[in-house]
file protein_9.pdb (PDB, C-alpha atoms (C1' of nucleotides))
ATOM      1  CA  MET A   1      14.243 -29.045 -14.511
ATOM      2  CA  VAL A   2      17.067 -27.442 -16.441
ATOM      3  CA  GLU A   3      18.824 -24.548 -14.799
ATOM      4  CA  LYS A   4      19.290 -21.466 -16.941
ATOM      5  CA  LYS A   5      21.844 -18.773 -16.233
ATOM      6  CA  LEU A   6      20.952 -15.141 -16.886
ATOM      7  CA  ALA A   7      23.340 -12.228 -16.887
ATOM      8  CA  ALA A   8      22.150  -9.819 -14.220
ATOM      9  CA  PRO A   9      24.363  -6.758 -13.911
ATOM     10  CA  ASP A  10      23.133  -3.971 -11.632
ATOM     11  CA  PHE A  11      20.705  -6.340  -9.991
ATOM     12  CA  ASP A  12      20.002  -7.354  -6.406
ATOM     13  CA  LEU A  13      17.400 -10.106  -6.228
ATOM     14  CA  LYS A  14      16.828 -10.055  -2.478
ATOM     15  CA  LEU A  15      16.520  -6.294  -2.353
ATOM     16  CA  THR A  16      14.117  -6.315  -5.290
ATOM     17  CA  LEU A  17      11.810  -9.012  -3.933
ATOM     18  CA  GLU A  18      11.831  -7.738  -0.343
ATOM     19  CA  SER A  19      11.384  -4.010  -0.919
ATOM     20  CA  GLY A  20       7.613  -3.965  -0.557
ATOM     21  CA  GLN A  21       6.556  -4.048  -4.211
ATOM     22  CA  VAL A  22       5.674  -7.762  -4.284
ATOM     23  CA  PHE A  23       4.680  -9.978  -1.380
ATOM     24  CA  HIS A  24       4.597 -13.678  -2.135
ATOM     25  CA  TRP A  25       8.176 -14.793  -2.800
ATOM     26  CA  ALA A  26       9.641 -17.159  -0.203
ATOM     27  CA  ALA A  27      13.304 -17.666   0.643
ATOM     28  CA  SER A  28      14.293 -21.158  -0.433
ATOM     29  CA  GLY A  29      17.637 -22.906  -0.792
ATOM     30  CA  GLY A  30      19.748 -19.779  -1.017
ATOM     31  CA  GLY A  31      17.309 -18.195  -3.481
ATOM     32  CA  PHE A  32      13.612 -17.458  -3.827
ATOM     33  CA  LEU A  33      10.657 -19.592  -4.795
ATOM     34  CA  GLY A  34       7.471 -18.169  -6.215
ATOM     35  CA  LEU A  35       5.005 -17.774  -9.047
ATOM     36  CA  ILE A  36       4.879 -15.343 -11.930
ATOM     37  CA  GLY A  37       1.209 -15.502 -12.774
ATOM     38  CA  ASP A  38       0.796 -19.266 -12.878
ATOM     39  CA  VAL A  39       4.406 -20.013 -13.845
ATOM     40  CA  PRO A  40       6.492 -21.385 -10.967
ATOM     41  CA  ALA A  41      10.145 -20.442 -10.680
ATOM     42  CA  HIS A  42      13.139 -20.734  -8.414
ATOM     43  CA  VAL A  43      15.658 -17.922  -8.719
ATOM     44  CA  GLU A  44      19.032 -17.650  -7.034
ATOM     45  CA  GLN A  45      21.602 -14.918  -7.367
ATOM     46  CA  CYS A  46      25.289 -15.794  -7.646
ATOM     47  CA  GLY A  47      27.224 -12.595  -8.079
ATOM     48  CA  LYS A  48      26.346 -11.042 -11.410
ATOM     49  CA  GLU A  49      24.331 -13.952 -12.679
ATOM     50  CA  LEU A  50      20.953 -15.447 -11.881
ATOM     51  CA  ARG A  51      20.338 -19.181 -11.778
ATOM     52  CA  VAL A  52      16.768 -19.779 -12.843
ATOM     53  CA  ARG A  53      14.809 -23.007 -12.694
ATOM     54  CA  SER A  54      11.543 -22.573 -14.568
ATOM     55  CA  ALA A  55       9.738 -23.890 -17.623
ATOM     56  CA  HIS A  56       9.825 -20.317 -18.949
ATOM     57  CA  PRO A  57      13.031 -18.520 -17.975
ATOM     58  CA  GLU A  58      12.237 -15.750 -20.476
ATOM     59  CA  ILE A  59       9.175 -14.906 -18.369
ATOM     60  CA  VAL A  60      11.396 -14.634 -15.302
ATOM     61  CA  SER A  61      13.776 -12.338 -17.139
ATOM     62  CA  ASP A  62      10.938 -10.076 -18.265
ATOM     63  CA  TYR A  63       9.319 -10.089 -14.817
ATOM     64  CA  LEU A  64      12.523  -8.997 -13.100
ATOM     65  CA  ALA A  65      12.977  -6.180 -15.636
ATOM     66  CA  LEU A  66      16.604  -7.091 -16.281
ATOM     67  CA  ASP A  67      16.408  -4.881 -19.371
ATOM     68  CA  HIS A  68      15.712  -1.645 -17.472
ATOM     69  CA  PRO A  69      18.645   0.742 -18.075
ATOM     70  CA  LEU A  70      19.580   1.087 -14.426
ATOM     71  CA  SER A  71      22.602   3.347 -14.857
ATOM     72  CA  ASN A  72      20.559   5.763 -16.983
ATOM     73  CA  ILE A  73      17.807   5.633 -14.413
ATOM     74  CA  GLN A  74      20.151   6.460 -11.533
ATOM     75  CA  ALA A  75      21.743   9.233 -13.574
ATOM     76  CA  SER A  76      18.303  10.806 -14.047
ATOM     77  CA  PHE A  77      17.753  11.286 -10.315
ATOM     78  CA  PRO A  78      17.988  14.742  -8.758
ATOM     79  CA  ALA A  79      21.413  15.435  -7.236
ATOM     80  CA  ASP A  80      20.510  16.060  -3.607
ATOM     81  CA  ASP A  81      21.996  14.289  -0.590
ATOM     82  CA  ALA A  82      18.882  12.368   0.436
ATOM     83  CA  MET A  83      18.458  10.995  -3.062
ATOM     84  CA  ARG A  84      22.126  10.075  -3.397
ATOM     85  CA  GLU A  85      22.065   8.246  -0.071
ATOM     86  CA  ALA A  86      18.919   6.308  -0.938
ATOM     87  CA  ALA A  87      20.265   5.417  -4.391
ATOM     88  CA  ALA A  88      23.514   4.100  -2.929
ATOM     89  CA  PHE A  89      21.577   2.112  -0.326
ATOM     90  CA  CYS A  90      19.280   0.554  -2.967
ATOM     91  CA  ARG A  91      21.811  -0.279  -5.661
ATOM     92  CA  GLY A  92      20.435  -3.137  -7.761
ATOM     93  CA  LEU A  93      16.811  -2.686  -6.729
ATOM     94  CA  ARG A  94      14.584  -2.928  -9.791
ATOM     95  CA  ILE A  95      10.928  -2.123 -10.331
ATOM     96  CA  ILE A  96       9.559  -5.429 -11.589
ATOM     97  CA  ARG A  97       6.752  -6.068 -14.092
ATOM     98  CA  GLN A  98       3.949  -7.664 -12.115
ATOM     99  CA  PRO A  99       0.777  -9.258 -13.455
ATOM    100  CA  VAL A 100      -1.815  -6.497 -13.235
ATOM    101  CA  TRP A 101      -4.648  -8.122 -11.332
ATOM    102  CA  GLU A 102      -2.603  -9.604  -8.503
ATOM    103  CA  CYS A 103      -0.755  -6.323  -8.078
ATOM    104  CA  LEU A 104      -4.003  -4.347  -7.965
ATOM    105  CA  ALA A 105      -5.648  -6.815  -5.591
ATOM    106  CA  THR A 106      -2.767  -7.019  -3.136
ATOM    107  CA  PHE A 107      -2.436  -3.249  -3.012
ATOM    108  CA  ILE A 108      -6.168  -2.890  -2.323
ATOM    109  CA  THR A 109      -5.495  -4.982   0.784
ATOM    110  CA  SER A 110      -2.446  -2.880   1.691
ATOM    111  CA  SER A 111      -4.127   0.194   3.155
ATOM    112  CA  MET A 112      -3.113   0.853   6.756
ATOM    113  CA  LYS A 113      -1.193  -2.412   6.915
ATOM    114  CA  GLN A 114       2.450  -3.184   7.514
ATOM    115  CA  VAL A 115       4.372  -5.018   4.801
ATOM    116  CA  ALA A 116       4.407  -8.194   6.926
ATOM    117  CA  HIS A 117       0.611  -8.077   7.181
ATOM    118  CA  ILE A 118       0.172  -7.566   3.451
ATOM    119  CA  ARG A 119       2.246 -10.665   2.899
ATOM    120  CA  GLN A 120       0.096 -12.683   5.323
ATOM    121  CA  MET A 121      -3.143 -11.604   3.667
ATOM    122  CA  SER A 122      -1.731 -12.293   0.196
ATOM    123  CA  VAL A 123      -0.684 -15.794   1.210
ATOM    124  CA  ALA A 124      -4.030 -16.487   2.891
ATOM    125  CA  ILE A 125      -5.977 -15.426  -0.211
ATOM    126  CA  ARG A 126      -3.784 -17.543  -2.468
ATOM    127  CA  GLU A 127      -4.087 -20.642  -0.283
ATOM    128  CA  ARG A 128      -7.818 -20.281   0.209
ATOM    129  CA  PHE A 129      -8.911 -19.401  -3.338
ATOM    130  CA  GLY A 130      -5.962 -19.953  -5.678
ATOM    131  CA  LYS A 131      -5.087 -22.813  -7.998
ATOM    132  CA  ARG A 132      -2.483 -25.135  -6.520
ATOM    133  CA  VAL A 133       0.732 -25.770  -8.455
ATOM    134  CA  GLU A 134       3.350 -28.409  -7.660
ATOM    135  CA  PHE A 135       6.944 -27.384  -8.214
ATOM    136  CA  GLU A 136      10.060 -29.258  -7.095
ATOM    137  CA  GLY A 137       8.070 -30.952  -4.363
ATOM    138  CA  ALA A 138       6.650 -27.693  -3.021
ATOM    139  CA  GLN A 139       3.039 -26.513  -3.088
ATOM    140  CA  LEU A 140       2.556 -23.074  -4.605
ATOM    141  CA  PHE A 141      -0.703 -21.173  -4.971
ATOM    142  CA  CYS A 142      -1.602 -18.819  -7.813
ATOM    143  CA  TYR A 143      -3.337 -15.542  -7.069
ATOM    144  CA  PRO A 144      -7.047 -16.212  -7.695
ATOM    145  CA  PRO A 145      -8.477 -14.421 -10.746
ATOM    146  CA  PRO A 146     -11.175 -11.749 -10.298
ATOM    147  CA  GLU A 147     -13.843 -14.259 -11.373
ATOM    148  CA  ARG A 148     -12.937 -16.478  -8.427
ATOM    149  CA  LEU A 149     -12.912 -13.701  -5.835
ATOM    150  CA  ALA A 150     -16.127 -12.265  -7.289
ATOM    151  CA  ARG A 151     -18.010 -15.346  -6.139
ATOM    152  CA  ALA A 152     -16.436 -15.415  -2.692
ATOM    153  CA  SER A 153     -18.354 -13.832   0.177
ATOM    154  CA  GLU A 154     -17.199 -10.847   2.162
ATOM    155  CA  ALA A 155     -16.983 -13.146   5.191
ATOM    156  CA  ASP A 156     -14.672 -15.506   3.256
ATOM    157  CA  LEU A 157     -12.345 -12.602   2.554
ATOM    158  CA  ARG A 158     -12.497 -11.318   6.099
ATOM    159  CA  ALA A 159     -11.403 -14.788   7.191
ATOM    160  CA  CYS A 160      -8.132 -14.020   5.350
ATOM    161  CA  GLY A 161      -7.550 -11.094   7.707
ATOM    162  CA  LEU A 162      -8.663  -8.328   5.349
ATOM    163  CA  GLY A 163     -10.943  -6.476   7.759
ATOM    164  CA  TYR A 164     -12.765  -3.560   6.112
ATOM    165  CA  ARG A 165     -10.657  -4.074   2.962
ATOM    166  CA  ALA A 166     -12.701  -7.192   2.145
ATOM    167  CA  LYS A 167     -15.608  -5.090   0.906
ATOM    168  CA  HIS A 168     -13.345  -3.112  -1.441
ATOM    169  CA  LEU A 169     -11.571  -6.131  -2.895
ATOM    170  CA  LEU A 170     -14.852  -7.941  -3.480
ATOM    171  CA  ALA A 171     -16.480  -4.955  -5.175
ATOM    172  CA  THR A 172     -13.476  -4.408  -7.444
ATOM    173  CA  ALA A 173     -13.263  -8.118  -8.314
ATOM    174  CA  LYS A 174     -16.931  -8.028  -9.342
ATOM    175  CA  LEU A 175     -16.455  -4.976 -11.561
ATOM    176  CA  ILE A 176     -13.607  -6.681 -13.380
ATOM    177  CA  ALA A 177     -15.174 -10.136 -13.549
ATOM    178  CA  SER A 178     -18.354  -8.655 -15.031
ATOM    179  CA  GLY A 179     -16.412  -6.885 -17.744
ATOM    180  CA  ALA A 180     -17.527  -3.446 -16.554
ATOM    181  CA  VAL A 181     -13.833  -2.583 -16.231
ATOM    182  CA  ASP A 182     -11.126  -4.040 -18.473
ATOM    183  CA  LEU A 183      -7.645  -3.820 -17.014
ATOM    184  CA  GLU A 184      -6.082  -4.634 -20.391
ATOM    185  CA  THR A 185      -7.370  -1.488 -22.085
ATOM    186  CA  LEU A 186      -5.475   0.624 -19.562
ATOM    187  CA  GLN A 187      -2.274  -0.415 -21.334
ATOM    188  CA  THR A 188      -3.167   1.893 -24.213
ATOM    189  CA  MET A 189      -4.114   4.888 -22.057
ATOM    190  CA  SER A 190      -1.974   7.840 -21.021
ATOM    191  CA  ASP A 191      -0.684   7.867 -17.436
ATOM    192  CA  THR A 192      -3.379  10.348 -16.421
ATOM    193  CA  GLU A 193      -6.219   8.417 -18.044
ATOM    194  CA  ALA A 194      -5.059   5.115 -16.587
ATOM    195  CA  LEU A 195      -4.732   6.724 -13.142
ATOM    196  CA  GLU A 196      -8.321   7.937 -13.289
ATOM    197  CA  ALA A 197      -9.560   4.561 -14.514
ATOM    198  CA  LEU A 198      -7.884   2.851 -11.565
ATOM    199  CA  ARG A 199      -9.168   5.451  -9.115
ATOM    200  CA  SER A 200     -12.718   4.668 -10.169
ATOM    201  CA  LEU A 201     -12.370   1.239  -8.563
ATOM    202  CA  PRO A 202     -13.591   0.693  -4.983
ATOM    203  CA  GLY A 203     -10.742   0.922  -2.471
ATOM    204  CA  VAL A 204      -8.373   2.504  -4.981
ATOM    205  CA  GLY A 205      -7.310   6.098  -4.350
ATOM    206  CA  ALA A 206      -4.348   8.078  -5.613
ATOM    207  CA  LYS A 207      -1.708   6.139  -3.721
ATOM    208  CA  ILE A 208      -2.777   2.631  -4.677
ATOM    209  CA  ALA A 209      -3.507   3.676  -8.272
ATOM    210  CA  ASN A 210       0.047   4.971  -8.562
ATOM    211  CA  CYS A 211       1.461   1.756  -7.080
ATOM    212  CA  VAL A 212      -0.378  -0.243  -9.745
ATOM    213  CA  LEU A 213       0.752   2.105 -12.522
ATOM    214  CA  LEU A 214       4.344   1.743 -11.338
ATOM    215  CA  PHE A 215       4.523  -1.937 -10.425
ATOM    216  CA  ALA A 216       2.192  -3.451 -13.038
ATOM    217  CA  TYR A 217       1.840  -1.018 -15.958
ATOM    218  CA  GLU A 218       5.503  -0.043 -16.073
ATOM    219  CA  ARG A 219       4.739   3.665 -15.787
ATOM    220  CA  LEU A 220       8.110   4.483 -14.274
ATOM    221  CA  ARG A 221       7.194   8.097 -13.648
ATOM    222  CA  ALA A 222       4.326   7.213 -11.279
ATOM    223  CA  PHE A 223       5.093   8.418  -7.746
ATOM    224  CA  PRO A 224       2.954   6.852  -4.985
ATOM    225  CA  ILE A 225       2.863   8.986  -1.836
ATOM    226  CA  ASP A 226       2.331   6.950   1.313
ATOM    227  CA  VAL A 227       3.046   7.815   4.954
ATOM    228  CA  TRP A 228       6.770   7.037   4.581
ATOM    229  CA  ILE A 229       7.302   9.059   1.424
ATOM    230  CA  GLU A 230       5.254  11.933   2.776
ATOM    231  CA  ARG A 231       7.518  12.008   5.830
ATOM    232  CA  VAL A 232      10.636  11.989   3.626
ATOM    233  CA  LEU A 233       9.295  14.746   1.364
ATOM    234  CA  ARG A 234       8.313  17.003   4.249
ATOM    235  CA  GLU A 235      11.500  16.505   6.235
ATOM    236  CA  THR A 236      13.872  16.665   3.271
ATOM    237  CA  TYR A 237      12.378  19.101   0.777
ATOM    238  CA  PHE A 238       9.978  21.195   2.867
ATOM    239  CA  LYS A 239      11.893  21.462   6.109
ATOM    240  CA  ARG A 240      10.322  23.982   8.500
ATOM    241  CA  LYS A 241       7.726  25.037   5.962
ATOM    242  CA  ARG A 242       4.167  25.120   7.190
ATOM    243  CA  ASN A 243       0.895  24.689   5.345
ATOM    244  CA  VAL A 244       2.380  22.307   2.819
ATOM    245  CA  THR A 245      -0.649  20.586   1.368
ATOM    246  CA  ALA A 246      -0.827  17.096  -0.090
ATOM    247  CA  GLU A 247      -1.467  18.696  -3.462
ATOM    248  CA  ARG A 248       1.753  20.704  -3.148
ATOM    249  CA  LEU A 249       3.690  17.504  -2.417
ATOM    250  CA  ARG A 250       2.113  15.808  -5.423
ATOM    251  CA  LEU A 251       3.032  18.608  -7.823
ATOM    252  CA  PHE A 252       6.566  18.783  -6.457
ATOM    253  CA  SER A 253       7.211  15.054  -6.724
ATOM    254  CA  GLU A 254       5.815  14.842 -10.261
ATOM    255  CA  THR A 255       8.329  17.344 -11.576
ATOM    256  CA  TYR A 256      11.337  17.199  -9.252
ATOM    257  CA  PHE A 257      12.109  13.484  -9.583
ATOM    258  CA  GLY A 258      11.805  13.350 -13.354
ATOM    259  CA  GLU A 259      11.351  10.662 -15.941
ATOM    260  CA  PHE A 260      12.003   7.749 -13.567
ATOM    261  CA  GLY A 261      10.318   9.233 -10.501
ATOM    262  CA  GLY A 262       8.854   5.854  -9.592
ATOM    263  CA  TYR A 263      12.344   4.423  -9.140
ATOM    264  CA  ALA A 264      13.364   7.425  -7.045
ATOM    265  CA  GLN A 265      10.257   6.953  -4.944
ATOM    266  CA  GLN A 266      10.927   3.252  -4.354
ATOM    267  CA  TYR A 267      14.506   3.964  -3.318
ATOM    268  CA  LEU A 268      13.494   6.726  -0.923
ATOM    269  CA  PHE A 269      10.738   4.514   0.464
ATOM    270  CA  HIS A 270      12.901   1.476   1.078
ATOM    271  CA  HIS A 271      15.791   3.449   2.496
ATOM    272  CA  ALA A 272      13.540   5.337   4.919
ATOM    273  CA  ARG A 273      11.733   2.222   6.028
ATOM    274  CA  VAL A 274      14.785   0.053   6.667
ATOM    275  CA  THR A 275      16.917   2.701   8.377
ATOM    276  CA  SER A 276      14.008   3.698  10.583
ATOM    277  CA  ARG A 277      13.501   0.101  11.660
ATOM    278  CA  LYS A 278      17.177  -0.294  12.524
ATOM    279  CA  SER A 279      17.189   2.780  14.717
ATOM    280  CA  ARG A 280      14.169   1.507  16.604
ATOM    281  CA  THR A 281      15.512  -1.987  17.291
ATOM    282  CA  SER A 282      19.078  -1.042  18.192
TER     283      SER A 282
ATOM    284  C1'  DC B 283      -1.563  -1.909  26.826
ATOM    285  C1'  DT B 284      -0.702   1.540  23.356
ATOM    286  C1'  DC B 285       0.876   2.704  18.977
ATOM    287  C1'  DC B 286       0.918   2.420  14.145
ATOM    288  C1'  DA B 287       0.914   0.422   9.584
ATOM    289  C1'  DG B 288       2.888   1.400   1.429
ATOM    290  C1'  DG B 289      -5.248   4.750   2.589
ATOM    291  C1'  DT B 290      -9.928   5.370   1.114
ATOM    292  C1'  DT B 291     -14.312   6.939   1.879
ATOM    293  C1'  DC B 292     -17.731   9.508   3.931
ATOM    294  C1'  DC B 293     -19.444  13.303   6.514
ATOM    295  C1'  DG B 294     -20.034  17.985   8.564
ATOM    296  C1'  DG B 295     -18.555  22.737   8.396
TER     297       DG B 295
ATOM    298  C1'  DC C 296     -13.547  22.502  -1.085
ATOM    299  C1'  DC C 297     -11.302  20.893   3.294
ATOM    300  C1'  DG C 298     -10.122  18.652   7.737
ATOM    301  C1'  DG C 299     -11.351  14.947  10.561
ATOM    302  C1'  DA C 300     -13.240  10.459  11.782
ATOM    303  C1'  DA C 301     -14.364   5.686  10.820
ATOM    304  C1'  DC C 302     -12.829   1.614   9.179
ATOM    305  C1'  DA C 303     -10.245  -3.970  11.139
ATOM    306  C1'  DT C 304      -6.243  -6.403  12.273
ATOM    307  C1'  DG C 305      -1.925  -7.807  14.197
ATOM    308  C1'  DG C 306       3.062  -7.091  15.238
ATOM    309  C1'  DA C 307       6.300  -4.304  17.848
TER     310       DA C 307
END
call {"tool": "encode", "arguments": {"input": "protein_9.pdb", "output": "structure tokens"}}
result
Amino acid sequence: MVEKKLAAPDFDLKLTLESGQVFHWAASGGGFLGLIGDVPAHVEQCGKELRVRSAHPEIVSDYLALDHPLSNIQASFPADDAMREAAAFCRGLRIIRQPVWECLATFITSSMKQVAHIRQMSVAIRERFGKRVEFEGAQLFCYPPPERLARASEADLRACGLGYRAKHLLATAKLIASGAVDLETLQTMSDTEALEALRSLPGVGAKIANCVLLFAYERLRAFPIDVWIERVLRETYFKRKRNVTAERLRLFSETYFGEFGGYAQQYLFHHARVTSRKSRTS
DNA sequence: CTCCAGGTTCCGG
DNA sequence: CCGGAACATGGA
């Protein structure tokens, strides 16, 4: 396998792959080993360049969104202290372009689960139902397509640790496998239309729909509000204000954070999560 | 053992 | 329309 070098300014591979937007990459030989769809790749960062071993390095480059204008994106953020601190903490973190189905499916399993659990479930589903790929002596497993999960049983999925989420994932897989819903047509829809289309799927509410818009449909304005972000919003922008409804938070975040609100959201999320964990363990 | 996790859905007021 | 409860599982 030939190694290809990619220029990667304003990029932090580890931060990007471990910030809770994608869950299946494994640390390996100083870099990361994983699949992009069914294309295996090993990626290692050496300063401002990436060393990529893959049959399709151009797919890796596109996946990692090395073309996103990161300095423009950071410049678009609101100029408050919390945002500045999060942006400095997350320098080089990019929102990647994930395959739609595996992003949707893994986020359906994410509700009320810690990032470590989401990873476990994702790996279990891949190993149980996914196509096996050999790469550099390692065994990798593709995320199973909707058609495959549609003919699994709810018990099979529960065996992967999904709990009540099994029912949702199965129902959504069936809707897509049957053709009742076509994820590809969402590409042509407006953000609002695509959000509603996603929300019509079992187990997909506002938060997960926004994650899929942001992480798979490259709608960089999408702003998922989870427990962490809600905490940040309330404590930072609505300090000591009562009766702040979820709707109020939604309207605020849609306008305040601007054109690249999804990036702002991911930075605030990751910063809050990591600093909170440090303060608990030290 | 208790608490909580990148929520969604369903139900009663 | 709105607040609250149920829903499963596992790591800290």
call {"tool": "atom_distance", "arguments": {"input": "protein_9.pdb", "atom1": "CA of Ile176 in chain A", "atom2": "CA of Leu201 in chain A"}}
result
9.4 Å
call {"tool": "atom_distance", "arguments": {"input": "protein_9.pdb", "atom1": "CA of Ala264 in chain A", "atom2": "CA of Arg94 in chain A"}}
result
10.8 Å
call {"tool": "residues_around", "arguments": {"input": "protein_9.pdb", "residues": "range 9-12 of chain A", "least_positions_apart": "3", "cutoff": "10 Å", "atoms": "only C-alpha atoms (C1' of nucleotides)", "output": "list in words"}}
result
Leu6, Leu15, Thr16, Leu17, Gln45, Gly47, Lys48, Glu49, Leu50, Leu64, Ala65, Leu66, Asp67, His68, Pro69, Leu70, Ser71, Cys90, Arg91, Gly92, Leu93 and Arg94 of chain A
call {"tool": "resolve_selection", "arguments": {"input": "protein_9.pdb", "expression": "the PyMOL selection byres ((chain B) within 9 of (chain A))", "output": "PyMOL selection string"}}
result
chain B and resi 286-291
call {"tool": "resolve_selection", "arguments": {"input": "protein_9.pdb", "expression": "the PyMOL selection byres ((chain A) within 8 of (chain C))", "output": "NGL selection string"}}
result
:A and (117 or 161-164)
call {"tool": "residues_near_point", "arguments": {"input": "protein_9.pdb", "point": "(4.3, -3.6, -13.6)", "cutoff": "6 Å", "atoms": "only C-alpha atoms (C1' of nucleotides)", "output": "VMD selection string"}}
result
chain A and resid 96 to 98 214 to 218
call {"tool": "resolve_selection", "arguments": {"input": "protein_9.pdb", "expression": "the PyMOL selection byres ((chain A and resi 129) around 12)", "output": "list in words"}}
result
Met121, Ser122, Val123, Ala124, Ile125, Arg126, Glu127, Arg128, Gly130, Lys131, Arg132, Phe141, Cys142, Tyr143, Pro144, Pro145, Pro146, Glu147, Arg148, Leu149, Ala150, Arg151, Ala152, Ser153, Asp156, Leu157, Ala159 and Cys160 of chain A
call {"tool": "write_last_selection", "arguments": {"input": "protein_9.pdb", "atoms": "C-alpha atoms", "output": "PDB file, keeping the file's coordinate frame"}}
result
ATOM      1  CA  MET A 121      -3.143 -11.604   3.667  1.00  0.00           C
ATOM      2  CA  SER A 122      -1.731 -12.293   0.196  1.00  0.00           C
ATOM      3  CA  VAL A 123      -0.684 -15.794   1.210  1.00  0.00           C
ATOM      4  CA  ALA A 124      -4.030 -16.487   2.891  1.00  0.00           C
ATOM      5  CA  ILE A 125      -5.977 -15.426  -0.211  1.00  0.00           C
ATOM      6  CA  ARG A 126      -3.784 -17.543  -2.468  1.00  0.00           C
ATOM      7  CA  GLU A 127      -4.087 -20.642  -0.283  1.00  0.00           C
ATOM      8  CA  ARG A 128      -7.818 -20.281   0.209  1.00  0.00           C
ATOM      9  CA  GLY A 130      -5.962 -19.953  -5.678  1.00  0.00           C
ATOM     10  CA  LYS A 131      -5.087 -22.813  -7.998  1.00  0.00           C
ATOM     11  CA  ARG A 132      -2.483 -25.135  -6.520  1.00  0.00           C
ATOM     12  CA  PHE A 141      -0.703 -21.173  -4.971  1.00  0.00           C
ATOM     13  CA  CYS A 142      -1.602 -18.819  -7.813  1.00  0.00           C
ATOM     14  CA  TYR A 143      -3.337 -15.542  -7.069  1.00  0.00           C
ATOM     15  CA  PRO A 144      -7.047 -16.212  -7.695  1.00  0.00           C
ATOM     16  CA  PRO A 145      -8.477 -14.421 -10.746  1.00  0.00           C
ATOM     17  CA  PRO A 146     -11.175 -11.749 -10.298  1.00  0.00           C
ATOM     18  CA  GLU A 147     -13.843 -14.259 -11.373  1.00  0.00           C
ATOM     19  CA  ARG A 148     -12.937 -16.478  -8.427  1.00  0.00           C
ATOM     20  CA  LEU A 149     -12.912 -13.701  -5.835  1.00  0.00           C
ATOM     21  CA  ALA A 150     -16.127 -12.265  -7.289  1.00  0.00           C
ATOM     22  CA  ARG A 151     -18.010 -15.346  -6.139  1.00  0.00           C
ATOM     23  CA  ALA A 152     -16.436 -15.415  -2.692  1.00  0.00           C
ATOM     24  CA  SER A 153     -18.354 -13.832   0.177  1.00  0.00           C
ATOM     25  CA  ASP A 156     -14.672 -15.506   3.256  1.00  0.00           C
ATOM     26  CA  LEU A 157     -12.345 -12.602   2.554  1.00  0.00           C
ATOM     27  CA  ALA A 159     -11.403 -14.788   7.191  1.00  0.00           C
ATOM     28  CA  CYS A 160      -8.132 -14.020   5.350  1.00  0.00           C
TER      29      CYS A 160
END
